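A short worksheet on the structure shown next.
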Number of protein chains: 2
Amino acid sequence: MKKDTITIQNVAKLAGVSIMTVSRVISKKSNVKDATRRSVLEAIENLQYQPNMSARSLAGDKSYFLGLIYDNPNAAYLNQCLMGALHNCNKNGYNLIISSFERGGDGDYKIDQALINHAKVDGMIIPPPLCDSAEILTALKNAEIPMVRIAPQTMLDYSPYVCMDDQRAAYDMTEYLISQGHKKIGFIMGHPEHGASKLRYAGMKKALVDNNIPLPNDYIQQGYFTYKSGFNCAEALLALKDRPTAIFASNDDMAAATISAAHKAGLSVPEGISVVGFDDLPIASTIWPQLTTIRQPIMAMGEKAAELLMGAENQDTNDSRVKNTILDYKLIIRGSVAAP
Amino acid sequence: MKKDTITIQNVAKLAGVSIMTVSRVISKKSNVKDATRRSVLEAIENLQYQPNMSARSLAGDKSYFLGLIYDNPNAAYLNQCLMGALHNCNKNGYNLIISSFERGGDGDYKIDQALINHAKVDGMIIPPPLCDSAEILTALKNAEIPMVRIAPQTMLDYSPYVCMDDQRAAYDMTEYLISQGHKKIGFIMGHPEHGASKLRYAGMKKALVDNNIPLPNDYIQQGYFTYKSGFNCAEALLALKDRPTAIFASNDDMAAATISAAHKAGLSVPEGISVVGFDDLPIASTIWPQLTTIRQPIMAMGEKAAELLMGAENQDTNDSRVKNTILDYKLIIRGSVAAP
DNA sequence: CTGAAAGCGCTTACAG
DNA sequence: CTGAAAGCGCTTACAG
């Protein structure tokens with residue numbers, strides 16, 4: 001490892017400049033003559049030089065590491081988030097460090113400051129549900145670690161974030177169902193502690209109101225984003241005397257459970273009943289019939305979050321406006337909806 | 001960041017020793033008097049000292065980083081692997097860096113040496129299918145990066161690995177089906193390029209032979225581990241005049257597809273037909289009926305892989321035996337099997 | 001636009 | 001069992 005390691009010194013010698021100049025080129029400073037820059041770049045290319053990140057980190061004030069912490073959410077969700085962040089990090093010479101947090105028995109996160117400080121990251125990406133944990137956010141702020149949250153629902157001005165418009169998406173989905181002729185629409189809510197649940201419910205409700213369609217109380221079931229909870233809610237909905245002709249579940253897992261419950265009840269989908277979900281995670285296209293759902297731009301969110309964090313140093317630091325990004329969703333029409 | 005950063009110097013002063021001694025304690029060297037060690041440890045505790053990883057890495061020959069590279073396999077699989085590795089890394093003061101590789105248009109991996117060298121990791125964890133890519137393995141070996149592969153199927157003596165006994169697991173599953181009274185068992189094979197496919201097929205076949213049960217050619221379908229391929233295979237199997245009473249799919253996704261295909265064909269599971277899978281990923285308990293399947297110890301594999309890599313420096317380096325680890329699987333009985 | 005000096009916080013030999 | 005010195009490969013001021 002020590003033997004043939006090539007350093008900034010080698011590059012400097014080959015290019016006939018000082019290491020300071022090479023350093024400037026690596027760091028993309030502007031104050032280098034164009035011809036000089038070119039010859040340095042050429043030397044780097046010839047030598048296949050790779051800056052030593054530990055040295056850069058030790059000497060300077062950037063670590064070239066971004067962190068991503070999570071509390072075991074849906075694996076597919078996390079994965080897409082990761083993919084997006086990763087892609088962007090690798091593209092820009094950053095590395096991604098991930099760690100998982102777990103809730104203690106009291107339901108609170110036991111913050112391990114050590115773990116947070118350990119890697120000295122330049123910034124932290126925080127997907128839900130961690131992004132709404134006051135403990136986590138406070139710990140990070142105390143450690144002065146910049147953060148970008150993904151789809152947070154609380155403390156919105158505490159940090160920049162990336163999100164999509166859940167309410168509008170739910171509104172659109174409901175309008176779609178109505179456009180297909182449905183007037184009896186059941187709704188399975190998401191976890192009461194997840195902010196997105198309220199927004200999706202609000203969107204669905206507004207669409208119904210705007211179209212003068214009633215929403216009986218027993219058409220609304222409280223789920224928890226899990227398959228099992230969705231299954232139970234669906235069975236309750238299907239057991240109604242005047243049952244809905246369509247069921248809108250707040251996420252794909254619960255929609256998949258609804259389809260299973262329908263099958264169990266001897267109803268085919270979409271002929272016997274229409275079902276739609278939300279997320280467009282792999283399970284949506286992994287079941288039969290494939291789910292009509294809302295595609296969340298999860299990968300794009302991860303990518304954008306990384307971008308904001310990496311770009312932080314290039315920004316005018318006096319511009320303290322919190323920059324948020326709202327990404328587009330998409331209504332994905334597949335085979336789980338038919339006219340009633 | 002520079003201001004209140006506390007270093008090895010502070011600890012040394014507080015403990016009344018040289019930084020060398022503190023360094024020894026941090027690195028868990030044995031040659032420190034017990035009383036000395038205790039006072040150093042106390043100083044570390046009082047100061048809440050955290051070693052600077054960049055400095056350690058720059059000065060020494062360890063980076064305290066482990067890498068994990070993947071080529072978008074099943075998200076749930078990757079996630080469990082990650083969880084295991086992560087858990088172990090954090091516990092031991094290591095960080096995990098992950099990167100994804102993508103196949104080029106020619107189906108080969110375009111190795112970005114830069115990416116591999118970039119982080120100077122102490123070792124690399126390689127889950128399938130990357131673990132069977134000669135290009136990847138060669139690049140890593142050239143870079144002299146230690147690696148531990150997860151469930152590799154080829155070049156088995158190229159590096160240590162962690163795995164389970166796929167063949168035996170498939171054998172057990174088949175025996176279970178037979179014990180429930182099944183004699184007409186259909187089989188959906190996995191991707192022909194994945195070594196595990198052959199092993200699972202071999203295990204199933206052997207169990208049949210050992211029990212004098214015939215395996216007609218049309219009872220074997222070639223799948224690709226995807227839901228869609230499983231669906232097609234299942235439809236073919238169900239369309240047979242003398243159709244099987246049980247279908248053994250080589251993974252959970254295809255088993256889930258088989259259940260959907262059965263439902264579509266108007267057959268209930270397990271009353272009309274029994275279905276079993278392999279993996280026990282979340283989808284297995286996320287569908288109805290829940291799948292009887294083989295639980296792969298994926299998380300344990302990730303954990304073990306990290307352990308082997310971190311422990312490498314503590315080993316007798318002259319002991320060049322390749323140490324492999326075979327972890328236990330488990331037959332998980334749920335609701336997708338009934339007597340024929 | 002370019003460079004010589006000092007130093008980031010550790011670990012490696014090398015002594016004793 | 002303990003310590004003084006040198007150095008890992010960079011970046012930060014500071015000069016010019």
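Going through the structure tokens in order, the chains are called A, B, and so on, while each chain numbers its residues from 1 and the ligands are numbered from 1 in the order shown.
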Counting only C-alpha atoms (C1' of nucleotides), which residues in chain D sit no more than 10 Å from chain A? For each one, give the nearest pair of atoms and the distance in Å, sorted by chain then residue number, as a tab-separated table.
residue	atom	partner	partner_atom	distance
D:DC8	C1'	A:Ala55	CA	7.9
D:DG9	C1'	A:Ala55	CA	5.0
D:DC10	C1'	A:Ala55	CA	4.6
D:DT11	C1'	A:Ala59	CA	5.0
D:DT12	C1'	A:Gly60	CA	7.2
Output C-alpha atoms (C1' of nucleotides) for every residue in that selection, as a CSV table (one decimal), in the first residue's frame.
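What landed in selection28.csv:
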chain,number,residue,atom,x,y,z
D,8,DC,C1',1.5,9.9,6.4
D,9,DG,C1',-0.5,13.4,1.9
D,10,DC,C1',-2.9,16.8,1.8
D,11,DT,C1',-4.7,22.2,2.7
D,12,DT,C1',-4.5,26.3,5.1
Each residue of chain A with at least one atom at most 7 Å from chain B should appear once, together with its nearest atom pair and the corresponding distance in Å (one decimal); atoms considered: only C-alpha atoms; ordering: chain, then increasing residue number; output as a tab-separated table.
residue	atom	partner	partner_atom	distance
A:Gln50	CA	B:His118	CA	6.8
A:Ser54	CA	B:Ser54	CA	4.5
A:Ala55	CA	B:Leu58	CA	6.0
A:Ser57	CA	B:Ser54	CA	6.3
A:Leu58	CA	B:Ser54	CA	5.6
A:Ala75	CA	B:Ala76	CA	5.6
A:Ala76	CA	B:Ala75	CA	5.5
A:Asn79	CA	B:Ala75	CA	6.1
A:Leu86	CA	B:Ser99	CA	6.5
A:Asn95	CA	B:Ile97	CA	6.6
A:Leu96	CA	B:Ile97	CA	5.8
A:Ile97	CA	B:Ile97	CA	5.2
A:Ile98	CA	B:Leu96	CA	6.6
A:Ser99	CA	B:Leu86	CA	6.6
A:His118	CA	B:Gln50	CA	6.8
A:Tyr227	CA	B:Thr286	CA	5.8
A:Ala257	CA	B:Ile287	CA	6.7
A:Ser260	CA	B:Trp288	CA	5.6
A:Thr286	CA	B:Tyr227	CA	5.8
A:Ile287	CA	B:Ala257	CA	6.7
A:Trp288	CA	B:Ser260	CA	5.7
Could you write out, as a PyMOL selection string, all the residues of range 221-270 of chain B that DSSP marks as helix (DSSP H, G or I)? chain B and resi 227-238+252-264
Next, the residues of the selection above should be written as a short mmCIF file (atom, residue, chain, number, x, y, z; two decimals), in the first residue's frame with C-alpha atoms.
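Output below, filename part.cif:
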data_model
loop_
_atom_site.label_atom_id
_atom_site.label_comp_id
_atom_site.auth_asym_id
_atom_site.auth_seq_id
_atom_site.Cartn_x
_atom_site.Cartn_y
_atom_site.Cartn_z
CA TYR B 227 -42.01 -12.23 -10.46
CA LYS B 228 -42.98 -12.11 -14.09
CA SER B 229 -41.02 -15.20 -15.04
CA GLY B 230 -42.54 -17.01 -12.09
CA PHE B 231 -46.00 -16.04 -13.20
CA ASN B 232 -45.44 -17.45 -16.67
CA CYS B 233 -43.94 -20.67 -15.36
CA ALA B 234 -46.81 -21.12 -12.94
CA GLU B 235 -49.37 -20.63 -15.66
CA ALA B 236 -47.65 -23.28 -17.74
CA LEU B 237 -47.62 -25.66 -14.80
CA LEU B 238 -51.27 -25.01 -13.96
CA ASP B 252 -40.13 -16.05 -2.95
CA ASP B 253 -40.85 -13.64 -5.77
CA MET B 254 -41.65 -16.50 -8.10
CA ALA B 255 -43.63 -18.25 -5.39
CA ALA B 256 -45.66 -15.11 -4.85
CA ALA B 257 -46.28 -14.99 -8.59
CA THR B 258 -47.37 -18.62 -8.49
CA ILE B 259 -49.98 -17.80 -5.87
CA SER B 260 -51.27 -14.96 -8.01
CA ALA B 261 -51.39 -17.22 -11.04
CA ALA B 262 -53.32 -19.77 -9.03
CA HIS B 263 -55.80 -17.13 -7.94
CA LYS B 264 -56.15 -15.98 -11.49
#
DSSP-assigned strand (DSSP E) among range 172-207 of chain B, expressed as a ChimeraX atom specification: /B:185-189
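Residues surrounding Arg168 in chain B within 10 Å are Met164, Asp172, Met173, Thr174, Leu199, Arg200, Ala202, Gly203, Met204, Lys206, Ala207 and Tyr329 of chain B [only C-alpha atoms (C1' of nucleotides); sequence separation below 4 positions excluded].
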Fewer than 2 positions away in the same chain doesn't count, so skip those; otherwise give me all residues within 12 Å of DG16 in chain D, counting only C-alpha atoms (C1' of nucleotides), as a PyMOL selection string. (chain C and resi 1-4) or (chain D and resi 14)
Using only C-alpha atoms (C1' of nucleotides), determine which residues lie at most 6 Å from range 130-136 of chain B, disregarding the query and same-chain residues fewer than 6 positions distant; provide the list as a list in words. Arg149, Pro152 and Thr154 of chain B
Limited to C-alpha atoms, could you put the picked residues into a file as a PDB file, in the first residue's frame?
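So result_29.pdb came out as:
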ATOM      1  CA  ARG B 149     -17.935 -12.912  -0.735  1.00  0.00           C
ATOM      2  CA  PRO B 152     -20.575 -17.204  -4.304  1.00  0.00           C
ATOM      3  CA  THR B 154     -17.803 -19.873  -8.777  1.00  0.00           C
TER       4      THR B 154
END
Nearby residues (only C-alpha atoms (C1' of nucleotides)) at most 9 Å from Pro146 in chain B, same-chain spacing under 4 positions excluded, as JSON, numbers by chain: {"B": [121, 122, 123, 124, 125, 140, 141, 159, 309, 312]}
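With CA of Val148 in chain B on one side and CA of Lys198 in chain B on the other, the separation reads 22.2 Å.
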I'd like the neighbourhood of Leu331 in chain A as a list of chain:residue names, where a residue qualifies if any of its atoms comes within 9 Å (using only C-alpha atoms (C1' of nucleotides)), though same-chain residues fewer than 5 positions away should be ignored. A:Ala169, A:Asp172, A:Met173, A:Tyr176, A:Thr292, A:Thr293, A:Ile294, A:Arg295
